[in-house]
file run-v4.cif (mmCIF, N, CA and C atoms)
data_my_file
#
loop_
_atom_site.label_atom_id
_atom_site.label_comp_id
_atom_site.auth_asym_id
_atom_site.auth_seq_id
_atom_site.Cartn_x
_atom_site.Cartn_y
_atom_site.Cartn_z
N MET T 1 -114.91 257.78 -39.46
CA MET T 1 -115.89 258.56 -38.73
C MET T 1 -117.17 258.60 -39.52
N ALA T 2 -118.25 258.78 -38.86
CA ALA T 2 -119.57 258.74 -39.48
C ALA T 2 -119.68 259.76 -40.61
N GLY T 3 -120.31 259.32 -41.69
CA GLY T 3 -120.59 260.22 -42.80
C GLY T 3 -119.40 260.48 -43.71
N ALA T 4 -118.26 259.86 -43.44
CA ALA T 4 -117.08 260.09 -44.27
C ALA T 4 -117.05 259.09 -45.41
N ASP T 5 -116.48 259.50 -46.54
CA ASP T 5 -116.26 258.57 -47.63
C ASP T 5 -115.24 257.54 -47.18
N THR T 6 -115.27 256.36 -47.81
CA THR T 6 -114.35 255.30 -47.43
C THR T 6 -112.91 255.77 -47.54
N GLU T 7 -112.57 256.50 -48.60
CA GLU T 7 -111.21 256.98 -48.78
C GLU T 7 -110.81 257.96 -47.69
N ASP T 8 -111.75 258.76 -47.21
CA ASP T 8 -111.47 259.79 -46.22
C ASP T 8 -111.74 259.33 -44.79
N ALA T 9 -112.23 258.10 -44.63
CA ALA T 9 -112.62 257.62 -43.31
C ALA T 9 -111.41 257.52 -42.39
N LEU T 10 -111.65 257.79 -41.14
CA LEU T 10 -110.61 257.67 -40.12
C LEU T 10 -110.89 256.42 -39.31
N LEU T 11 -109.94 255.52 -39.28
CA LEU T 11 -110.04 254.34 -38.45
C LEU T 11 -109.56 254.73 -37.06
N VAL T 12 -110.46 254.79 -36.11
CA VAL T 12 -110.14 255.23 -34.75
C VAL T 12 -109.36 254.13 -34.05
N LEU T 13 -108.19 254.50 -33.52
CA LEU T 13 -107.35 253.54 -32.81
C LEU T 13 -107.44 253.72 -31.30
N THR T 14 -107.54 254.94 -30.85
CA THR T 14 -107.67 255.22 -29.43
C THR T 14 -108.14 256.66 -29.26
N ALA T 15 -108.37 257.04 -28.03
CA ALA T 15 -108.79 258.40 -27.74
C ALA T 15 -108.30 258.76 -26.34
N VAL T 16 -108.14 260.05 -26.11
CA VAL T 16 -107.73 260.54 -24.79
C VAL T 16 -108.54 261.79 -24.46
N LEU T 17 -108.65 262.05 -23.18
CA LEU T 17 -109.35 263.26 -22.73
C LEU T 17 -108.36 264.40 -22.54
N LEU T 18 -108.82 265.58 -22.87
CA LEU T 18 -108.09 266.82 -22.63
C LEU T 18 -109.07 267.74 -21.92
N THR T 19 -109.14 267.58 -20.60
CA THR T 19 -110.08 268.35 -19.78
C THR T 19 -109.31 268.98 -18.62
N PRO T 20 -109.92 269.92 -17.93
CA PRO T 20 -109.24 270.52 -16.78
C PRO T 20 -108.84 269.48 -15.72
N ALA T 21 -109.59 268.39 -15.61
CA ALA T 21 -109.30 267.37 -14.60
C ALA T 21 -108.40 266.25 -15.12
N ARG T 22 -108.34 266.07 -16.43
CA ARG T 22 -107.60 264.94 -17.00
C ARG T 22 -107.02 265.33 -18.35
N PHE T 23 -105.71 265.31 -18.43
CA PHE T 23 -105.06 265.66 -19.68
C PHE T 23 -103.71 264.93 -19.76
N PRO T 24 -103.20 264.73 -20.97
CA PRO T 24 -101.90 264.09 -21.11
C PRO T 24 -100.79 265.01 -20.59
N GLY T 25 -100.08 264.57 -19.58
CA GLY T 25 -99.02 265.38 -18.98
C GLY T 25 -97.89 265.71 -19.93
N VAL T 26 -97.72 264.92 -20.99
CA VAL T 26 -96.65 265.22 -21.94
C VAL T 26 -96.94 266.49 -22.73
N LEU T 27 -98.20 266.94 -22.70
CA LEU T 27 -98.56 268.16 -23.43
C LEU T 27 -98.36 269.42 -22.61
N GLY T 28 -98.25 269.28 -21.29
CA GLY T 28 -98.07 270.46 -20.45
C GLY T 28 -98.31 270.14 -19.00
N ASP T 29 -97.93 271.09 -18.14
CA ASP T 29 -98.06 270.90 -16.70
C ASP T 29 -99.47 271.13 -16.18
N ASP T 30 -100.31 271.77 -16.97
CA ASP T 30 -101.70 271.99 -16.58
C ASP T 30 -102.56 272.01 -17.85
N TYR T 31 -103.86 272.10 -17.64
CA TYR T 31 -104.80 272.05 -18.76
C TYR T 31 -104.56 273.17 -19.78
N VAL T 32 -104.33 274.36 -19.29
CA VAL T 32 -104.12 275.51 -20.19
C VAL T 32 -102.88 275.28 -21.05
N ALA T 33 -101.81 274.80 -20.44
CA ALA T 33 -100.58 274.53 -21.21
C ALA T 33 -100.79 273.40 -22.21
N ALA T 34 -101.53 272.36 -21.80
CA ALA T 34 -101.81 271.25 -22.71
C ALA T 34 -102.62 271.72 -23.91
N CYS T 35 -103.60 272.58 -23.67
CA CYS T 35 -104.37 273.15 -24.78
C CYS T 35 -103.45 273.98 -25.68
N GLY T 36 -102.59 274.78 -25.07
CA GLY T 36 -101.67 275.61 -25.83
C GLY T 36 -100.76 274.79 -26.74
N ALA T 37 -100.36 273.61 -26.28
CA ALA T 37 -99.49 272.75 -27.09
C ALA T 37 -100.17 272.32 -28.38
N LEU T 38 -101.50 272.31 -28.37
CA LEU T 38 -102.26 271.93 -29.57
C LEU T 38 -102.93 273.13 -30.23
N ALA T 39 -102.57 274.33 -29.79
CA ALA T 39 -103.13 275.57 -30.33
C ALA T 39 -104.66 275.61 -30.18
N LEU T 40 -105.14 275.16 -29.01
CA LEU T 40 -106.57 275.18 -28.70
C LEU T 40 -106.84 276.17 -27.59
N GLU T 41 -107.96 276.84 -27.67
CA GLU T 41 -108.41 277.69 -26.57
C GLU T 41 -108.92 276.79 -25.46
N PRO T 42 -108.53 277.02 -24.22
CA PRO T 42 -109.08 276.21 -23.13
C PRO T 42 -110.61 276.34 -23.12
N TYR T 43 -111.26 275.21 -23.12
CA TYR T 43 -112.72 275.13 -23.15
C TYR T 43 -113.15 274.50 -21.83
N GLU T 44 -114.05 275.16 -21.13
CA GLU T 44 -114.44 274.74 -19.78
C GLU T 44 -114.77 273.26 -19.67
N ARG T 45 -115.46 272.72 -20.65
CA ARG T 45 -115.85 271.30 -20.62
C ARG T 45 -114.76 270.38 -21.15
N GLY T 46 -113.74 270.94 -21.74
CA GLY T 46 -112.65 270.14 -22.26
C GLY T 46 -112.91 269.58 -23.65
N TYR T 47 -111.97 268.79 -24.08
CA TYR T 47 -112.00 268.21 -25.42
C TYR T 47 -111.76 266.71 -25.34
N GLY T 48 -112.11 266.05 -26.41
CA GLY T 48 -111.70 264.67 -26.62
C GLY T 48 -110.76 264.65 -27.80
N LEU T 49 -109.70 263.88 -27.70
CA LEU T 49 -108.76 263.73 -28.80
C LEU T 49 -108.93 262.32 -29.36
N VAL T 50 -109.37 262.23 -30.60
CA VAL T 50 -109.59 260.95 -31.26
C VAL T 50 -108.40 260.72 -32.19
N LEU T 51 -107.65 259.65 -31.93
CA LEU T 51 -106.45 259.37 -32.69
C LEU T 51 -106.68 258.19 -33.61
N GLY T 52 -106.35 258.38 -34.88
CA GLY T 52 -106.59 257.31 -35.84
C GLY T 52 -105.72 257.44 -37.07
N GLN T 53 -106.01 256.58 -38.03
CA GLN T 53 -105.30 256.58 -39.31
C GLN T 53 -106.31 256.62 -40.44
N ASP T 54 -105.92 257.30 -41.52
CA ASP T 54 -106.76 257.27 -42.71
C ASP T 54 -106.38 256.04 -43.55
N GLY T 55 -107.02 255.87 -44.67
CA GLY T 55 -106.79 254.71 -45.52
C GLY T 55 -105.39 254.58 -46.06
N ASP T 56 -104.64 255.69 -46.08
CA ASP T 56 -103.26 255.66 -46.55
C ASP T 56 -102.27 255.41 -45.41
N GLY T 57 -102.79 255.30 -44.18
CA GLY T 57 -101.93 255.08 -43.02
C GLY T 57 -101.52 256.37 -42.32
N ALA T 58 -101.93 257.52 -42.84
CA ALA T 58 -101.56 258.79 -42.22
C ALA T 58 -102.23 258.93 -40.87
N ARG T 59 -101.46 259.41 -39.89
CA ARG T 59 -101.95 259.59 -38.53
C ARG T 59 -102.62 260.95 -38.40
N TRP T 60 -103.80 260.96 -37.76
CA TRP T 60 -104.56 262.19 -37.55
C TRP T 60 -105.08 262.23 -36.13
N THR T 61 -105.18 263.43 -35.59
CA THR T 61 -105.82 263.66 -34.30
C THR T 61 -107.02 264.55 -34.57
N VAL T 62 -108.20 264.05 -34.24
CA VAL T 62 -109.43 264.83 -34.41
C VAL T 62 -109.84 265.33 -33.03
N VAL T 63 -109.90 266.64 -32.90
CA VAL T 63 -110.28 267.28 -31.64
C VAL T 63 -111.77 267.52 -31.67
N VAL T 64 -112.47 266.99 -30.66
CA VAL T 64 -113.92 267.19 -30.57
C VAL T 64 -114.26 267.89 -29.27
N ASP T 65 -115.33 268.66 -29.28
CA ASP T 65 -115.73 269.38 -28.06
C ASP T 65 -116.73 268.59 -27.22
N ASP T 66 -116.96 267.33 -27.59
CA ASP T 66 -117.83 266.45 -26.83
C ASP T 66 -116.97 265.48 -26.02
N ALA T 67 -116.37 266.00 -24.95
CA ALA T 67 -115.48 265.19 -24.12
C ALA T 67 -116.24 264.03 -23.47
N SER T 68 -117.52 264.22 -23.19
CA SER T 68 -118.29 263.14 -22.55
C SER T 68 -118.41 261.92 -23.47
N LEU T 69 -118.57 262.14 -24.76
CA LEU T 69 -118.63 261.03 -25.71
C LEU T 69 -117.33 260.24 -25.69
N VAL T 70 -116.22 260.96 -25.67
CA VAL T 70 -114.91 260.30 -25.64
C VAL T 70 -114.72 259.58 -24.31
N ALA T 71 -115.17 260.17 -23.22
CA ALA T 71 -115.06 259.53 -21.91
C ALA T 71 -115.84 258.21 -21.88
N VAL T 72 -117.01 258.18 -22.48
CA VAL T 72 -117.82 256.96 -22.53
C VAL T 72 -117.08 255.89 -23.34
N ALA T 73 -116.51 256.27 -24.47
CA ALA T 73 -115.77 255.32 -25.30
C ALA T 73 -114.59 254.74 -24.53
N ILE T 74 -113.83 255.59 -23.86
CA ILE T 74 -112.67 255.13 -23.09
C ILE T 74 -113.11 254.18 -21.98
N ALA T 75 -114.18 254.51 -21.29
CA ALA T 75 -114.69 253.65 -20.21
C ALA T 75 -115.11 252.29 -20.77
N ALA T 76 -115.79 252.28 -21.90
CA ALA T 76 -116.22 251.01 -22.51
C ALA T 76 -115.00 250.18 -22.90
N TRP T 77 -114.03 250.82 -23.55
CA TRP T 77 -112.83 250.10 -23.96
C TRP T 77 -112.07 249.55 -22.76
N ASP T 78 -112.00 250.33 -21.68
CA ASP T 78 -111.32 249.88 -20.46
C ASP T 78 -111.98 248.65 -19.86
N CYS T 79 -113.27 248.47 -20.12
CA CYS T 79 -114.01 247.30 -19.62
C CYS T 79 -113.99 246.15 -20.63
N GLY T 80 -113.29 246.34 -21.74
CA GLY T 80 -113.21 245.30 -22.75
C GLY T 80 -114.40 245.25 -23.68
N MET T 81 -115.21 246.29 -23.67
CA MET T 81 -116.40 246.34 -24.51
C MET T 81 -116.09 247.07 -25.81
N ALA T 82 -116.76 246.66 -26.86
CA ALA T 82 -116.63 247.37 -28.13
C ALA T 82 -117.43 248.67 -28.05
N TYR T 83 -116.92 249.72 -28.66
CA TYR T 83 -117.63 250.99 -28.71
C TYR T 83 -117.20 251.70 -29.99
N ASP T 84 -118.16 252.02 -30.82
CA ASP T 84 -117.88 252.71 -32.08
C ASP T 84 -117.84 254.21 -31.82
N LEU T 85 -116.66 254.74 -31.70
CA LEU T 85 -116.49 256.17 -31.46
C LEU T 85 -116.54 256.90 -32.80
N SER T 86 -117.68 257.48 -33.08
CA SER T 86 -117.90 258.23 -34.32
C SER T 86 -118.50 259.59 -33.97
N PRO T 87 -117.66 260.56 -33.62
CA PRO T 87 -118.19 261.88 -33.24
C PRO T 87 -118.97 262.52 -34.38
N ASP T 88 -120.00 263.23 -34.03
CA ASP T 88 -120.78 263.98 -35.00
C ASP T 88 -119.89 265.08 -35.57
N GLU T 89 -120.01 265.33 -36.86
CA GLU T 89 -119.18 266.35 -37.50
C GLU T 89 -119.32 267.72 -36.85
N ARG T 90 -120.48 267.99 -36.25
CA ARG T 90 -120.70 269.29 -35.60
C ARG T 90 -119.84 269.46 -34.35
N THR T 91 -119.34 268.35 -33.80
CA THR T 91 -118.52 268.43 -32.59
C THR T 91 -117.03 268.56 -32.91
N VAL T 92 -116.67 268.38 -34.17
CA VAL T 92 -115.25 268.44 -34.55
C VAL T 92 -114.77 269.89 -34.52
N VAL T 93 -113.74 270.12 -33.72
CA VAL T 93 -113.15 271.45 -33.58
C VAL T 93 -112.03 271.62 -34.60
N ARG T 94 -111.22 270.58 -34.74
CA ARG T 94 -110.05 270.68 -35.61
C ARG T 94 -109.51 269.28 -35.87
N ALA T 95 -108.91 269.10 -37.03
CA ALA T 95 -108.18 267.88 -37.35
C ALA T 95 -106.71 268.25 -37.45
N LEU T 96 -105.90 267.59 -36.66
CA LEU T 96 -104.47 267.89 -36.62
C LEU T 96 -103.68 266.74 -37.23
N PRO T 97 -102.69 267.04 -38.06
CA PRO T 97 -101.87 265.97 -38.61
C PRO T 97 -101.00 265.36 -37.53
N GLY T 98 -100.87 264.05 -37.56
CA GLY T 98 -100.03 263.35 -36.60
C GLY T 98 -100.74 263.11 -35.29
N TRP T 99 -100.00 262.53 -34.35
CA TRP T 99 -100.51 262.27 -33.00
C TRP T 99 -99.67 263.05 -32.02
N PRO T 100 -100.28 263.70 -31.05
CA PRO T 100 -99.51 264.47 -30.07
C PRO T 100 -98.85 263.59 -29.00
N LEU T 101 -99.15 262.31 -29.03
CA LEU T 101 -98.61 261.37 -28.05
C LEU T 101 -97.88 260.25 -28.79
N ALA T 102 -96.87 259.69 -28.16
CA ALA T 102 -96.17 258.55 -28.74
C ALA T 102 -97.03 257.30 -28.51
N LEU T 103 -97.45 256.68 -29.59
CA LEU T 103 -98.27 255.47 -29.51
C LEU T 103 -97.63 254.37 -30.33
N ALA T 104 -97.75 253.17 -29.85
CA ALA T 104 -97.23 252.02 -30.57
C ALA T 104 -98.41 251.18 -31.05
N VAL T 105 -99.28 251.79 -31.85
CA VAL T 105 -100.44 251.10 -32.39
C VAL T 105 -100.50 251.33 -33.89
N ALA T 106 -101.14 250.42 -34.56
CA ALA T 106 -101.36 250.56 -36.00
C ALA T 106 -102.65 249.83 -36.33
N ALA T 107 -103.30 250.25 -37.37
CA ALA T 107 -104.55 249.63 -37.79
C ALA T 107 -104.23 248.45 -38.71
N PRO T 108 -104.88 247.31 -38.47
CA PRO T 108 -104.66 246.15 -39.33
C PRO T 108 -105.18 246.43 -40.75
N GLY T 109 -104.42 245.99 -41.71
CA GLY T 109 -104.83 246.16 -43.10
C GLY T 109 -104.65 247.56 -43.65
N VAL T 110 -103.98 248.43 -42.89
CA VAL T 110 -103.74 249.81 -43.31
C VAL T 110 -102.23 249.99 -43.39
N PRO T 111 -101.73 250.74 -44.37
CA PRO T 111 -100.29 250.97 -44.45
C PRO T 111 -99.72 251.47 -43.12
N ALA T 112 -98.43 251.30 -42.94
CA ALA T 112 -97.75 251.68 -41.70
C ALA T 112 -98.07 253.14 -41.33
N PRO T 113 -98.22 253.40 -40.02
CA PRO T 113 -98.51 254.77 -39.58
C PRO T 113 -97.42 255.75 -39.95
N HIS T 114 -97.82 256.90 -40.42
CA HIS T 114 -96.87 257.97 -40.78
C HIS T 114 -97.60 259.30 -40.70
N ASP T 115 -96.84 260.37 -40.52
CA ASP T 115 -97.46 261.69 -40.51
C ASP T 115 -97.87 262.05 -41.93
N PRO T 116 -99.03 262.65 -42.08
CA PRO T 116 -99.51 263.02 -43.42
C PRO T 116 -98.71 264.19 -43.99
N GLU T 117 -98.70 264.23 -45.30
CA GLU T 117 -98.10 265.38 -45.98
C GLU T 117 -99.17 266.47 -46.01
N THR T 118 -98.86 267.63 -45.43
CA THR T 118 -99.85 268.69 -45.35
C THR T 118 -99.49 269.90 -46.19
N ASP T 119 -98.38 269.85 -46.88
CA ASP T 119 -97.95 270.98 -47.71
C ASP T 119 -97.89 272.27 -46.93
N GLY T 120 -97.48 272.17 -45.66
CA GLY T 120 -97.34 273.35 -44.81
C GLY T 120 -98.63 273.91 -44.27
N ALA T 121 -99.76 273.28 -44.60
CA ALA T 121 -101.06 273.77 -44.13
C ALA T 121 -101.29 273.40 -42.68
#
call {"tool": "encode", "arguments": {"input": "run-v4.cif", "output": "structure tokens"}}
result
Amino acid sequence: MAGADTEDALLVLTAVLLTPARFPGVLGDDYVAACGALALEPYERGYGLVLGQDGDGARWTVVVDDASLVAVAIAAWDCGMAYDLSPDERTVVRALPGWPLALAVAAPGVPAPHDPETDGA
């Protein structure tokens, strides 16, 4: 992500929307329940979930309050276009260890995906 040190950089693998109109059904039956599964307050404009790996291969989900930025990235990727999804640090709501969705992706040249050690934090 922009402005991060190389060691702390997140290699973005994919992103999903968490909005009242579009959310991962595996997180809940409606938007409020999906937000609750991630301990987020429902936000009228919704969130973007940026899923990636750090340099050690640890999986992270970065929650941003700029859902439109994430929607643009998803639309570009769906059309086969490159898009550098680098949310501004001011839009980051929370970084969550692991991925809330089952994904079969990994970053090339990065150790195998695994949940980070958070020491209970």
call {"tool": "residues_around", "arguments": {"input": "run-v4.cif", "residues": "Tyr83 of chain T", "least_positions_apart": "3", "cutoff": "8 Å", "atoms": "all atoms listed in the file", "output": "CSV table (one decimal) with N, CA and C atoms, keeping the file's coordinate frame"}}
result
chain,number,residue,atom,x,y,z
T,72,VAL,N,-117.0,258.2,-22.5
T,72,VAL,CA,-117.8,257.0,-22.5
T,72,VAL,C,-117.1,255.9,-23.3
T,73,ALA,N,-116.5,256.3,-24.5
T,73,ALA,CA,-115.8,255.3,-25.3
T,73,ALA,C,-114.6,254.7,-24.5
T,74,ILE,N,-113.8,255.6,-23.9
T,74,ILE,CA,-112.7,255.1,-23.1
T,74,ILE,C,-113.1,254.2,-22.0
T,76,ALA,N,-115.8,252.3,-21.9
T,76,ALA,CA,-116.2,251.0,-22.5
T,76,ALA,C,-115.0,250.2,-22.9
T,77,TRP,N,-114.0,250.8,-23.6
T,77,TRP,CA,-112.8,250.1,-24.0
T,77,TRP,C,-112.1,249.6,-22.8
T,80,GLY,N,-113.3,246.3,-21.7
T,80,GLY,CA,-113.2,245.3,-22.8
T,80,GLY,C,-114.4,245.2,-23.7
T,86,SER,N,-117.7,257.5,-33.1
T,86,SER,CA,-117.9,258.2,-34.3
T,86,SER,C,-118.5,259.6,-34.0
call {"tool": "residues_around", "arguments": {"input": "run-v4.cif", "residues": "Val16 of chain T", "least_positions_apart": "5", "cutoff": "8 Å", "atoms": "only C-alpha atoms", "output": "PyMOL selection string"}}
result
chain T and resi 23-24+48-50+70-71+74
call {"tool": "select_by_dssp", "arguments": {"input": "run-v4.cif", "residues": "chain T", "states": "helix (DSSP H, G or I)", "output": "list in words"}}
result
Gly25, Val26, Leu27, Tyr31, Val32, Ala33, Ala34, Cys35, Gly36, Ala37, Ala67, Ser68, Leu69, Val70, Ala71, Val72, Ala73, Ile74, Ala75, Ala76, Trp77, Asp78, Glu89, Arg90 and Thr91 of chain T
call {"tool": "closest_residue", "arguments": {"input": "run-v4.cif", "among": "T:Leu51, T:Leu101, T:Arg45, T:Ala39", "to": "Asp66 of chain T", "atoms": "all atoms listed in the file"}}
result
T:Arg45
call {"tool": "atom_distance", "arguments": {"input": "run-v4.cif", "atom1": "atom N of Thr19 of chain T", "atom2": "atom CA of Ala67 of chain T"}}
result
7.6 Å
call {"tool": "axis_aligned_box", "arguments": {"input": "run-v4.cif", "around": "segment 63-75 of chain T", "padding_each_side": "8 Å", "output": "AutoDock Vina command-line options"}}
result
--center_x -114.3 --center_y 260.8 --center_z -26.6 --size_x 24.7 --size_y 33.1 --size_z 28.7
call {"tool": "atom_distance", "arguments": {"input": "run-v4.cif", "atom1": "atom N of Arg59 of chain T", "atom2": "atom C of Trp99 of chain T"}}
result
8.9 Å
call {"tool": "atom_distance", "arguments": {"input": "run-v4.cif", "atom1": "atom C of Glu41 of chain T", "atom2": "atom C of Ala106 of chain T"}}
result
29.7 Å
call {"tool": "resolve_selection", "arguments": {"input": "run-v4.cif", "expression": "the PyMOL selection byres (((chain T and resi 58 and name CA) around 8) and name CA)", "output": "PyMOL selection string"}}
result
chain T and resi 53-57+59-60+98+113-116
call {"tool": "closest_residue", "arguments": {"input": "run-v4.cif", "among": "T:Thr61, T:Thr118, T:Ser68, T:Met81", "to": "Ala95 of chain T", "atoms": "all atoms listed in the file"}}
result
T:Thr61
call {"tool": "resolve_selection", "arguments": {"input": "run-v4.cif", "expression": "the PyMOL selection byres ((chain T and resi 43) around 8)", "output": "PDB file with N, CA and C atoms, keeping the file's coordinate frame"}}
result
ATOM      1  N   LEU T  18    -108.820 265.580 -22.870  1.00  0.00           N
ATOM      2  CA  LEU T  18    -108.090 266.820 -22.630  1.00  0.00           C
ATOM      3  C   LEU T  18    -109.070 267.740 -21.920  1.00  0.00           C
ATOM      4  N   THR T  19    -109.140 267.580 -20.600  1.00  0.00           N
ATOM      5  CA  THR T  19    -110.080 268.350 -19.780  1.00  0.00           C
ATOM      6  C   THR T  19    -109.310 268.980 -18.620  1.00  0.00           C
ATOM      7  N   PRO T  20    -109.920 269.920 -17.930  1.00  0.00           N
ATOM      8  CA  PRO T  20    -109.240 270.520 -16.780  1.00  0.00           C
ATOM      9  C   PRO T  20    -108.840 269.480 -15.720  1.00  0.00           C
ATOM     10  N   TYR T  31    -103.860 272.100 -17.640  1.00  0.00           N
ATOM     11  CA  TYR T  31    -104.800 272.050 -18.760  1.00  0.00           C
ATOM     12  C   TYR T  31    -104.560 273.170 -19.780  1.00  0.00           C
ATOM     13  N   VAL T  32    -104.330 274.360 -19.290  1.00  0.00           N
ATOM     14  CA  VAL T  32    -104.120 275.510 -20.190  1.00  0.00           C
ATOM     15  C   VAL T  32    -102.880 275.280 -21.050  1.00  0.00           C
ATOM     16  N   CYS T  35    -103.600 272.580 -23.670  1.00  0.00           N
ATOM     17  CA  CYS T  35    -104.370 273.150 -24.780  1.00  0.00           C
ATOM     18  C   CYS T  35    -103.450 273.980 -25.680  1.00  0.00           C
ATOM     19  N   LEU T  40    -105.140 275.160 -29.010  1.00  0.00           N
ATOM     20  CA  LEU T  40    -106.570 275.180 -28.700  1.00  0.00           C
ATOM     21  C   LEU T  40    -106.840 276.170 -27.590  1.00  0.00           C
ATOM     22  N   GLU T  41    -107.960 276.840 -27.670  1.00  0.00           N
ATOM     23  CA  GLU T  41    -108.410 277.690 -26.570  1.00  0.00           C
ATOM     24  C   GLU T  41    -108.920 276.790 -25.460  1.00  0.00           C
ATOM     25  N   PRO T  42    -108.530 277.020 -24.220  1.00  0.00           N
ATOM     26  CA  PRO T  42    -109.080 276.210 -23.130  1.00  0.00           C
ATOM     27  C   PRO T  42    -110.610 276.340 -23.120  1.00  0.00           C
ATOM     28  N   GLU T  44    -114.050 275.160 -21.130  1.00  0.00           N
ATOM     29  CA  GLU T  44    -114.440 274.740 -19.780  1.00  0.00           C
ATOM     30  C   GLU T  44    -114.770 273.260 -19.670  1.00  0.00           C
ATOM     31  N   ARG T  45    -115.460 272.720 -20.650  1.00  0.00           N
ATOM     32  CA  ARG T  45    -115.850 271.300 -20.620  1.00  0.00           C
ATOM     33  C   ARG T  45    -114.760 270.380 -21.150  1.00  0.00           C
ATOM     34  N   GLY T  46    -113.740 270.940 -21.740  1.00  0.00           N
ATOM     35  CA  GLY T  46    -112.650 270.140 -22.260  1.00  0.00           C
ATOM     36  C   GLY T  46    -112.910 269.580 -23.650  1.00  0.00           C
ATOM     37  N   TYR T  47    -111.970 268.790 -24.080  1.00  0.00           N
ATOM     38  CA  TYR T  47    -112.000 268.210 -25.420  1.00  0.00           C
ATOM     39  C   TYR T  47    -111.760 266.710 -25.340  1.00  0.00           C
TER      40      TYR T  47
END
call {"tool": "build_atoms", "arguments": {"input": "run-v4.cif", "residues": "segment 54-65 of chain T", "atoms": "N, CA, C and O atoms", "output": "tab-separated table (two decimals), keeping the file's coordinate frame"}}
result
chain	number	residue	atom	x	y	z
T	54	ASP	N	-105.92	257.30	-41.52
T	54	ASP	CA	-106.76	257.27	-42.71
T	54	ASP	C	-106.38	256.04	-43.55
T	54	ASP	O	-105.51	255.26	-43.16
T	55	GLY	N	-107.02	255.87	-44.67
T	55	GLY	CA	-106.79	254.71	-45.52
T	55	GLY	C	-105.39	254.58	-46.06
T	55	GLY	O	-104.97	253.49	-46.46
T	56	ASP	N	-104.64	255.69	-46.08
T	56	ASP	CA	-103.26	255.66	-46.55
T	56	ASP	C	-102.27	255.41	-45.41
T	56	ASP	O	-101.07	255.39	-45.63
T	57	GLY	N	-102.79	255.30	-44.18
T	57	GLY	CA	-101.93	255.08	-43.02
T	57	GLY	C	-101.52	256.37	-42.32
T	57	GLY	O	-100.83	256.32	-41.30
T	58	ALA	N	-101.93	257.52	-42.84
T	58	ALA	CA	-101.56	258.79	-42.22
T	58	ALA	C	-102.23	258.93	-40.87
T	58	ALA	O	-103.41	258.59	-40.70
T	59	ARG	N	-101.46	259.41	-39.89
T	59	ARG	CA	-101.95	259.59	-38.53
T	59	ARG	C	-102.62	260.95	-38.40
T	59	ARG	O	-102.09	261.96	-38.85
T	60	TRP	N	-103.80	260.96	-37.76
T	60	TRP	CA	-104.56	262.19	-37.55
T	60	TRP	C	-105.08	262.23	-36.13
T	60	TRP	O	-105.40	261.20	-35.55
T	61	THR	N	-105.18	263.43	-35.59
T	61	THR	CA	-105.82	263.66	-34.30
T	61	THR	C	-107.02	264.55	-34.57
T	61	THR	O	-106.87	265.65	-35.09
T	62	VAL	N	-108.20	264.05	-34.24
T	62	VAL	CA	-109.43	264.83	-34.41
T	62	VAL	C	-109.84	265.33	-33.03
T	62	VAL	O	-110.06	264.54	-32.12
T	63	VAL	N	-109.90	266.64	-32.90
T	63	VAL	CA	-110.28	267.28	-31.64
T	63	VAL	C	-111.77	267.52	-31.67
T	63	VAL	O	-112.27	268.16	-32.60
T	64	VAL	N	-112.47	266.99	-30.66
T	64	VAL	CA	-113.92	267.19	-30.57
T	64	VAL	C	-114.26	267.89	-29.27
T	64	VAL	O	-113.55	267.74	-28.26
T	65	ASP	N	-115.33	268.66	-29.28
T	65	ASP	CA	-115.73	269.38	-28.06
T	65	ASP	C	-116.73	268.59	-27.22
T	65	ASP	O	-117.26	269.08	-26.25
